[in-house]
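Next comes query.cif, with mmCIF, C-alpha atoms.
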```cif
data_structure
loop_
_atom_site.label_atom_id
_atom_site.label_comp_id
_atom_site.auth_asym_id
_atom_site.auth_seq_id
_atom_site.Cartn_x
_atom_site.Cartn_y
_atom_site.Cartn_z
CA MET A 1 5.82 -17.47 4.78
CA ASN A 2 3.03 -20.00 4.34
CA SER A 3 0.91 -21.00 1.36
CA SER A 4 -1.70 -18.30 2.04
CA ASP A 5 0.95 -15.58 1.76
CA HIS A 6 1.78 -16.16 -1.89
CA ILE A 7 0.46 -17.27 -5.26
CA ILE A 8 1.89 -20.19 -7.19
CA PRO A 9 1.25 -19.51 -10.89
CA ASP A 10 -1.09 -21.98 -12.56
CA TRP A 11 0.73 -22.66 -15.81
CA PRO A 12 2.40 -25.67 -17.49
CA ALA A 13 5.96 -24.60 -16.76
CA PRO A 14 8.62 -27.31 -16.57
CA ALA A 15 8.89 -29.01 -13.19
CA ASN A 16 12.30 -27.47 -12.55
CA VAL A 17 11.01 -23.91 -12.91
CA ARG A 18 9.81 -22.43 -9.63
CA ALA A 19 7.70 -19.28 -9.58
CA CYS A 20 6.05 -17.37 -6.76
CA ILE A 21 4.10 -14.12 -6.41
CA THR A 22 3.71 -12.67 -2.94
CA THR A 23 0.59 -11.04 -1.52
CA ARG A 24 0.38 -8.46 1.24
CA LYS A 25 -0.44 -11.21 3.76
CA GLY A 26 2.22 -12.37 6.22
CA GLY A 27 5.37 -10.35 6.60
CA HIS A 28 6.61 -7.82 9.14
CA SER A 29 5.78 -4.38 7.77
CA THR A 30 3.24 -2.08 9.42
CA HIS A 31 0.95 0.89 8.77
CA SER A 32 0.52 1.68 5.04
CA TYR A 33 2.90 -1.15 4.19
CA ALA A 34 1.15 -3.90 6.13
CA TYR A 35 2.37 -6.51 5.99
CA ASN A 36 4.53 -8.20 3.38
CA ASN A 37 6.19 -5.30 1.58
CA PHE A 38 9.27 -5.93 -0.59
CA GLY A 39 10.02 -2.37 -1.71
CA LEU A 40 12.88 -0.55 -0.02
CA HIS A 41 12.06 2.64 -1.94
CA VAL A 42 8.55 3.33 -0.66
CA GLY A 43 9.26 4.67 2.85
CA ASP A 44 8.88 1.45 4.82
CA ASP A 45 11.28 0.51 7.61
CA ALA A 46 14.26 -1.08 5.84
CA GLN A 47 14.69 -3.74 8.54
CA ASN A 48 11.13 -4.94 8.03
CA VAL A 49 11.62 -5.12 4.27
CA GLU A 50 14.82 -7.11 4.69
CA ARG A 51 13.02 -9.52 7.03
CA ASN A 52 10.28 -9.97 4.43
CA ARG A 53 12.87 -10.65 1.74
CA SER A 54 14.75 -13.06 3.99
CA ASP A 55 11.56 -15.01 4.72
CA LEU A 56 10.85 -15.27 0.99
CA CYS A 57 14.34 -16.59 0.28
CA ALA A 58 13.93 -19.18 3.03
CA ALA A 59 10.50 -20.25 1.78
CA LEU A 60 11.90 -20.76 -1.72
CA SER A 61 15.07 -22.44 -0.37
CA LEU A 62 17.22 -19.98 -2.31
CA VAL A 63 20.97 -20.45 -2.04
CA LYS A 64 21.75 -17.40 -4.19
CA THR A 65 20.73 -13.80 -3.61
CA PRO A 66 17.82 -12.84 -5.89
CA GLN A 67 18.40 -10.05 -8.38
CA TRP A 68 16.54 -7.10 -6.90
CA LEU A 69 16.05 -4.09 -9.16
CA ALA A 70 15.68 -0.33 -8.97
CA GLN A 71 12.75 -0.06 -11.36
CA ILE A 72 12.28 3.13 -13.38
CA HIS A 73 9.52 2.24 -15.90
CA GLY A 74 12.10 1.71 -18.62
CA VAL A 75 12.96 -1.14 -20.97
CA LYS A 76 16.31 -2.36 -19.68
CA VAL A 77 16.58 -6.09 -18.93
CA VAL A 78 19.78 -7.21 -17.18
CA ASN A 79 21.39 -10.57 -16.59
CA ALA A 80 20.56 -11.53 -13.02
CA LYS A 81 23.51 -11.93 -10.64
CA SER A 82 23.86 -13.08 -7.03
CA ASP A 83 26.38 -10.40 -6.02
CA GLY A 84 23.83 -8.47 -3.97
CA LEU A 85 23.99 -5.38 -6.20
CA VAL A 86 20.69 -3.67 -6.98
CA ARG A 87 20.65 -2.96 -10.71
CA THR A 88 18.66 -0.19 -12.37
CA ALA A 89 16.37 -1.99 -14.79
CA ASP A 90 12.80 -3.20 -15.17
CA GLY A 91 13.58 -6.82 -15.85
CA SER A 92 16.14 -9.54 -15.39
CA TYR A 93 17.02 -12.82 -17.12
CA SER A 94 18.94 -15.90 -16.04
CA ASN A 95 20.02 -19.28 -17.35
CA GLU A 96 21.95 -20.04 -14.17
CA LEU A 97 20.84 -22.77 -11.79
CA GLY A 98 19.28 -21.31 -8.65
CA GLN A 99 19.48 -17.67 -9.71
CA ALA A 100 16.17 -15.96 -9.02
CA CYS A 101 14.83 -13.06 -11.06
CA ALA A 102 12.48 -10.73 -9.18
CA VAL A 103 10.33 -7.70 -9.91
CA MET A 104 8.13 -5.62 -7.62
CA SER A 105 4.70 -4.23 -8.40
CA ALA A 106 1.59 -2.54 -7.00
CA ASP A 107 -0.72 -2.11 -10.05
CA CYS A 108 1.89 -2.49 -12.81
CA LEU A 109 1.93 -5.88 -14.53
CA PRO A 110 4.62 -8.43 -13.59
CA ILE A 111 5.31 -10.94 -16.36
CA LEU A 112 7.21 -14.17 -15.68
CA LEU A 113 8.82 -16.00 -18.60
CA CYS A 114 10.45 -19.37 -19.09
CA ASP A 115 11.36 -21.65 -21.98
CA GLN A 116 9.77 -25.06 -22.45
CA LYS A 117 13.01 -26.83 -21.52
CA GLY A 118 13.26 -25.01 -18.20
CA THR A 119 16.75 -23.67 -18.86
CA GLN A 120 15.97 -19.95 -19.07
CA VAL A 121 13.79 -17.62 -17.00
CA ALA A 122 13.01 -13.92 -16.81
CA ALA A 123 10.86 -11.49 -14.84
CA ILE A 124 9.77 -8.11 -16.20
CA HIS A 125 7.97 -5.14 -14.65
CA CYS A 126 5.42 -3.78 -17.12
CA GLY A 127 3.89 -0.45 -16.38
CA TRP A 128 2.23 1.01 -19.45
CA ARG A 129 5.34 3.00 -20.36
CA SER A 130 7.63 -0.03 -20.31
CA LEU A 131 5.12 -2.15 -22.19
CA ALA A 132 4.57 0.47 -24.90
CA LYS A 133 8.30 1.13 -25.26
CA GLY A 134 9.13 -2.54 -25.86
CA ILE A 135 10.42 -4.13 -22.66
CA THR A 136 8.85 -7.43 -23.72
CA VAL A 137 10.96 -7.73 -26.87
CA ARG A 138 14.05 -6.83 -24.83
CA ALA A 139 13.31 -9.75 -22.51
CA LEU A 140 12.58 -12.19 -25.33
CA ASP A 141 15.84 -11.21 -27.03
CA LYS A 142 17.68 -12.66 -24.03
CA PHE A 143 16.29 -16.14 -24.76
CA THR A 144 18.12 -18.42 -27.18
CA CYS A 145 14.95 -20.23 -28.27
CA SER A 146 12.08 -19.23 -30.53
CA PRO A 147 9.28 -17.16 -28.93
CA LYS A 148 6.89 -20.03 -29.74
CA ASN A 149 8.80 -22.10 -27.18
CA ILE A 150 8.42 -19.51 -24.39
CA LEU A 151 5.70 -19.49 -21.73
CA ALA A 152 4.43 -16.28 -20.14
CA TYR A 153 2.54 -15.76 -16.90
CA LEU A 154 0.74 -12.47 -16.24
CA GLY A 155 0.76 -11.67 -12.53
CA PRO A 156 -1.62 -9.45 -10.52
CA ALA A 157 -2.19 -5.97 -11.97
CA ILE A 158 -4.82 -3.25 -12.03
CA SER A 159 -7.94 -4.23 -14.00
CA GLN A 160 -9.53 -2.23 -16.79
CA PRO A 161 -12.44 -0.71 -14.82
CA HIS A 162 -9.95 1.00 -12.48
CA PHE A 163 -7.22 1.96 -14.97
CA GLU A 164 -8.23 5.28 -16.51
CA VAL A 165 -5.61 6.79 -18.80
CA GLY A 166 -5.23 9.77 -21.10
CA VAL A 167 -5.08 9.77 -24.87
CA ASP A 168 -1.27 9.91 -24.63
CA VAL A 169 -1.26 6.31 -23.41
CA LEU A 170 -3.40 5.11 -26.30
CA GLU A 171 -1.19 6.98 -28.77
CA ALA A 172 1.99 5.50 -27.26
CA PHE A 173 0.75 1.98 -27.86
CA PHE A 174 -0.49 2.60 -31.39
CA LYS A 175 2.82 4.19 -32.37
CA ALA A 176 4.45 0.88 -31.38
CA ALA A 177 2.04 -1.34 -33.33
CA ARG A 178 3.94 -4.14 -35.06
CA SER A 179 1.22 -5.01 -37.56
CA ALA A 180 -2.38 -4.23 -38.46
CA LYS A 181 -3.53 -7.16 -36.33
CA HIS A 182 -1.45 -5.93 -33.41
CA ALA A 183 -3.07 -2.50 -33.73
CA ASP A 184 -6.53 -4.08 -33.90
CA ASP A 185 -5.85 -6.19 -30.81
CA MET A 186 -4.66 -3.11 -28.92
CA ALA A 187 -7.71 -1.12 -29.98
CA LYS A 188 -9.89 -3.69 -28.26
CA ALA A 189 -8.00 -3.02 -25.01
CA PHE A 190 -9.33 0.55 -24.70
CA ILE A 191 -12.86 1.64 -23.74
CA ALA A 192 -13.87 5.31 -23.81
CA ALA A 193 -14.24 6.91 -20.39
CA GLN A 194 -16.68 9.67 -19.49
CA ARG A 195 -14.00 12.35 -19.54
CA PRO A 196 -13.04 13.54 -23.04
CA LEU A 197 -9.88 11.94 -24.44
CA HIS A 198 -9.72 9.45 -21.58
CA PHE A 199 -9.99 5.68 -21.72
CA TYR A 200 -10.10 2.61 -19.53
CA ALA A 201 -7.10 0.47 -20.49
CA ASP A 202 -6.84 -3.30 -20.17
CA ILE A 203 -3.15 -3.84 -19.43
CA TYR A 204 -3.62 -7.60 -19.55
CA ALA A 205 -5.03 -7.39 -23.09
CA LEU A 206 -2.24 -5.02 -24.13
CA ALA A 207 0.37 -7.47 -22.83
CA ARG A 208 -1.27 -10.40 -24.62
CA ALA A 209 -1.39 -8.37 -27.84
CA GLU A 210 2.30 -7.54 -27.55
CA LEU A 211 3.33 -11.10 -26.71
CA ASN A 212 1.24 -12.52 -29.56
CA ALA A 213 2.74 -10.01 -31.99
CA LEU A 214 6.19 -11.22 -30.94
CA GLY A 215 5.30 -14.89 -31.41
CA VAL A 216 4.52 -15.89 -27.83
CA THR A 217 1.20 -17.74 -27.73
CA GLN A 218 1.49 -19.71 -24.48
CA ILE A 219 0.14 -17.04 -22.15
CA TYR A 220 -1.42 -17.68 -18.74
CA GLY A 221 -2.70 -15.73 -15.74
CA GLY A 222 -4.11 -12.24 -16.03
CA ALA A 223 -7.27 -12.55 -13.96
CA ALA A 224 -6.54 -10.66 -10.72
CA CYS A 225 -7.13 -7.00 -9.87
CA THR A 226 -4.77 -5.26 -7.47
CA TYR A 227 -7.03 -2.22 -7.10
CA SER A 228 -10.23 -4.01 -6.09
CA ASP A 229 -8.66 -6.69 -3.86
CA ASP A 230 -7.18 -4.75 -0.96
CA GLU A 231 -7.06 -7.87 1.20
CA HIS A 232 -4.41 -9.53 -0.95
CA PHE A 233 -2.74 -6.82 -3.03
CA TYR A 234 -1.07 -3.44 -2.75
CA SER A 235 -2.35 -0.79 -5.17
CA TYR A 236 -0.61 2.51 -5.80
CA ARG A 237 -3.66 4.00 -7.53
CA ARG A 238 -5.89 3.05 -4.64
CA ASP A 239 -3.68 3.95 -1.70
CA GLY A 240 -0.78 6.13 -2.84
CA ALA A 241 1.66 5.31 -0.02
CA THR A 242 1.77 1.52 -0.10
CA GLY A 243 4.00 -1.53 -0.35
CA ARG A 244 5.06 -3.73 -3.23
CA MET A 245 4.48 -7.40 -4.04
CA ALA A 246 7.33 -9.51 -5.42
CA SER A 247 7.14 -11.83 -8.45
CA VAL A 248 10.00 -14.34 -8.51
CA ILE A 249 11.12 -17.04 -10.91
CA LEU A 250 14.12 -19.37 -11.08
CA ARG A 251 15.27 -22.73 -12.44
CA THR A 252 16.07 -25.36 -9.82
CA ALA A 253 17.68 -28.06 -11.96
#
```
Now, as a test, write the supplied structure out as structure tokens.
Amino acid sequence: MNSSDHIIPDWPAPANVRACITTRKGGHSTHSYAYNNFGLHVGDDAQNVERNRSDLCAALSLVKTPQWLAQIHGVKVVNAKSDGLVRTADGSYSNELGQACAVMSADCLPILLCDQKGTQVAAIHCGWRSLAKGITVRALDKFTCSPKNILAYLGPAISQPHFEVGVDVLEAFFKAARSAKHADDMAKAFIAAQRPLHFYADIYALARAELNALGVTQIYGGAACTYSDDEHFYSYRRDGATGRMASVILRTA
């Protein structure tokens, strides 16, 4: 895996925090999954996926097995372990040296978190359901520091012009509003679509609104679009059968 095959987040994380987001470039997968697919659940050849994962571990010089997850669009955040077990959750947290947290995505929003001291990290998979149900607060609850001392990076996700949703999505977010300001910030994330009771949702804005409402103000990233950039990103809405990118974070010292 070379530098063109992945994204290094541009954020002021401590020097001992390493983060990486893969693209679809590089890798060994073929057909709909070409080329750097990390999802074992999407129909790709398992041997190719394992080769992609092995290459990522080598590129990051990992000495512990990353915590891979079976993601179900829920709110569970587990403590990452290097025992090789795949845990059913949509996020993981670690304060252990060298233990990588990883989530997979192909339109949903990956959020990477770390504290300012570089002692704690987390990765969460935020589809709209998980975000509306409160996965972010579950992740922040794992940290021992104040939310004001936590940094967040928003990885590649589907952009607003391509993310049409029904009124049920809007209602789910407003039911979870934590304050009048939070509700106002979320309202700005929805634009009416041509179809009745449909909207274009800005998942980046919704994530920022949620993080701000929880006290996290150091928020970075959030500029890519998985749907419109088929050269670099998988997109489930665009392609249906497709691969998954991986967003990984760990502390190295």
Sorted by chain and rising residue number, which residues of segment 136-158 of chain A lie within 10 Å of segment 66-89 of chain A, and what are their closest atom pairs and distances in Å to one decimal, counting all atoms listed in the file, as a Markdown table?
```
| residue | atom | partner | partner_atom | distance |
| --- | --- | --- | --- | --- |
| A:Thr136 | CA | A:Val75 | CA | 8.0 |
| A:Val137 | CA | A:Val75 | CA | 9.1 |
| A:Arg138 | CA | A:Val77 | CA | 6.5 |
| A:Ala139 | CA | A:Val77 | CA | 6.1 |
| A:Leu140 | CA | A:Val77 | CA | 9.7 |
| A:Asp141 | CA | A:Val77 | CA | 9.6 |
| A:Lys142 | CA | A:Val77 | CA | 8.4 |
```
Write out, as a PDB file, in the coordinates of the input, the residues just selected, with C-alpha atoms.
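Once everything was written out, this is selection-v3.pdb:
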```
ATOM      1  CA  THR A 136       8.850  -7.430 -23.720  1.00  0.00           C
ATOM      2  CA  VAL A 137      10.960  -7.730 -26.870  1.00  0.00           C
ATOM      3  CA  ARG A 138      14.050  -6.830 -24.830  1.00  0.00           C
ATOM      4  CA  ALA A 139      13.310  -9.750 -22.510  1.00  0.00           C
ATOM      5  CA  LEU A 140      12.580 -12.190 -25.330  1.00  0.00           C
ATOM      6  CA  ASP A 141      15.840 -11.210 -27.030  1.00  0.00           C
ATOM      7  CA  LYS A 142      17.680 -12.660 -24.030  1.00  0.00           C
TER       8      LYS A 142
END
```
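Candidate residues A:Thr119, A:Gln99, A:Ser146, A:Asn212 were compared for distance to Ala15 of chain A, and the nearest is A:Thr119, using all atoms listed in the file.
Between atom CA of Glu50 of chain A and atom CA of Ala157 of chain A lies a distance of 23.8 Å.
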Expand the PyMOL selection byres ((chain A and resi 211) around 12) into the explicit residue set it covers here, and present it as a ChimeraX atom specification.
/A:111,113,131-132,134-140,147-148,150-154,177-178,182,185-186,204-210,212-220
If you apply the PyMOL selection byres ((chain A and resi 165) around 7) to this file, what residues do you get, as a PyMOL selection string?
chain A and resi 163-164+166-167+169+198-201
Just the number, please: distance in Å from atom CA of Asp230 of chain A to atom CA of Met245 of chain A, one decimal.
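Distance between the two atoms: 12.3 Å.
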Given only C-alpha atoms as the basis, pick out the residue of A:Thr23, A:Ser247, A:Ser105, A:Ser159 nearest to Ser228 of chain A.
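So, comparing all the options, the nearest one is A:Ser159.
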Would you compute the distance between atom CA of Ala46 of chain A and atom CA of Ile21 of chain A? Give it in Å to one decimal.
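Here the two named atoms are 20.6 Å from each other.
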Of the listed residues A:Leu112, A:Gly240, A:Thr252, A:Tyr227, that which approaches Asp10 of chain A most closely, counting only C-alpha atoms
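Answer, going by the shortest atom-to-atom distance: A:Leu112.
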Taking the file as shown, find all residues satisfying the PyMOL selection byres ((chain A and resi 17) around 9) and write them as a PDB file with C-alpha atoms, keeping the file's coordinate frame.
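In the end it all went to expr-v5.pdb:
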```pdb
ATOM      1  CA  ALA A  13       5.960 -24.600 -16.760  1.00  0.00           C
ATOM      2  CA  PRO A  14       8.620 -27.310 -16.570  1.00  0.00           C
ATOM      3  CA  ALA A  15       8.890 -29.010 -13.190  1.00  0.00           C
ATOM      4  CA  ASN A  16      12.300 -27.470 -12.550  1.00  0.00           C
ATOM      5  CA  ARG A  18       9.810 -22.430  -9.630  1.00  0.00           C
ATOM      6  CA  ALA A  19       7.700 -19.280  -9.580  1.00  0.00           C
ATOM      7  CA  CYS A 114      10.450 -19.370 -19.090  1.00  0.00           C
ATOM      8  CA  GLY A 118      13.260 -25.010 -18.200  1.00  0.00           C
ATOM      9  CA  THR A 119      16.750 -23.670 -18.860  1.00  0.00           C
ATOM     10  CA  GLN A 120      15.970 -19.950 -19.070  1.00  0.00           C
ATOM     11  CA  VAL A 121      13.790 -17.620 -17.000  1.00  0.00           C
ATOM     12  CA  ILE A 249      11.120 -17.040 -10.910  1.00  0.00           C
ATOM     13  CA  LEU A 250      14.120 -19.370 -11.080  1.00  0.00           C
ATOM     14  CA  ARG A 251      15.270 -22.730 -12.440  1.00  0.00           C
ATOM     15  CA  THR A 252      16.070 -25.360  -9.820  1.00  0.00           C
ATOM     16  CA  ALA A 253      17.680 -28.060 -11.960  1.00  0.00           C
TER      17      ALA A 253
END
```
Name the residues in contact with His6 of chain A at a cut-off of 12 Å, using all atoms listed in the file, excluding same-chain residues fewer than 4 positions from it; report them as a list in words.
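Final neighbour list, sorted by chain and number: Met1, Asn2, Ala19, Cys20, Ile21, Thr22, Thr23, Arg24, Lys25, Gly26, Gly27, Asn36, Asp55, Leu56, Ala59, Leu60, Gly155, Pro156, His232, Phe233, Met245, Ala246, Ser247 and Val248 of chain A.
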Store the residues picked out above in a file with C-alpha atoms, as a PDB file, in the coordinates of the input.
```
ATOM      1  CA  MET A   1       5.820 -17.470   4.780  1.00  0.00           C
ATOM      2  CA  ASN A   2       3.030 -20.000   4.340  1.00  0.00           C
ATOM      3  CA  ALA A  19       7.700 -19.280  -9.580  1.00  0.00           C
ATOM      4  CA  CYS A  20       6.050 -17.370  -6.760  1.00  0.00           C
ATOM      5  CA  ILE A  21       4.100 -14.120  -6.410  1.00  0.00           C
ATOM      6  CA  THR A  22       3.710 -12.670  -2.940  1.00  0.00           C
ATOM      7  CA  THR A  23       0.590 -11.040  -1.520  1.00  0.00           C
ATOM      8  CA  ARG A  24       0.380  -8.460   1.240  1.00  0.00           C
ATOM      9  CA  LYS A  25      -0.440 -11.210   3.760  1.00  0.00           C
ATOM     10  CA  GLY A  26       2.220 -12.370   6.220  1.00  0.00           C
ATOM     11  CA  GLY A  27       5.370 -10.350   6.600  1.00  0.00           C
ATOM     12  CA  ASN A  36       4.530  -8.200   3.380  1.00  0.00           C
ATOM     13  CA  ASP A  55      11.560 -15.010   4.720  1.00  0.00           C
ATOM     14  CA  LEU A  56      10.850 -15.270   0.990  1.00  0.00           C
ATOM     15  CA  ALA A  59      10.500 -20.250   1.780  1.00  0.00           C
ATOM     16  CA  LEU A  60      11.900 -20.760  -1.720  1.00  0.00           C
ATOM     17  CA  GLY A 155       0.760 -11.670 -12.530  1.00  0.00           C
ATOM     18  CA  PRO A 156      -1.620  -9.450 -10.520  1.00  0.00           C
ATOM     19  CA  HIS A 232      -4.410  -9.530  -0.950  1.00  0.00           C
ATOM     20  CA  PHE A 233      -2.740  -6.820  -3.030  1.00  0.00           C
ATOM     21  CA  MET A 245       4.480  -7.400  -4.040  1.00  0.00           C
ATOM     22  CA  ALA A 246       7.330  -9.510  -5.420  1.00  0.00           C
ATOM     23  CA  SER A 247       7.140 -11.830  -8.450  1.00  0.00           C
ATOM     24  CA  VAL A 248      10.000 -14.340  -8.510  1.00  0.00           C
TER      25      VAL A 248
END
```
Box dimensions and centre (Å, one decimal) enclosing segment 160-167 of chain A, axis-aligned, 6 Å extra per side, as lines of an AutoDock Vina configuration file:
```
center_x = -8.8
center_y = 3.8
center_z = -18.7
size_x = 19.4
size_y = 24.0
size_z = 24.4
```
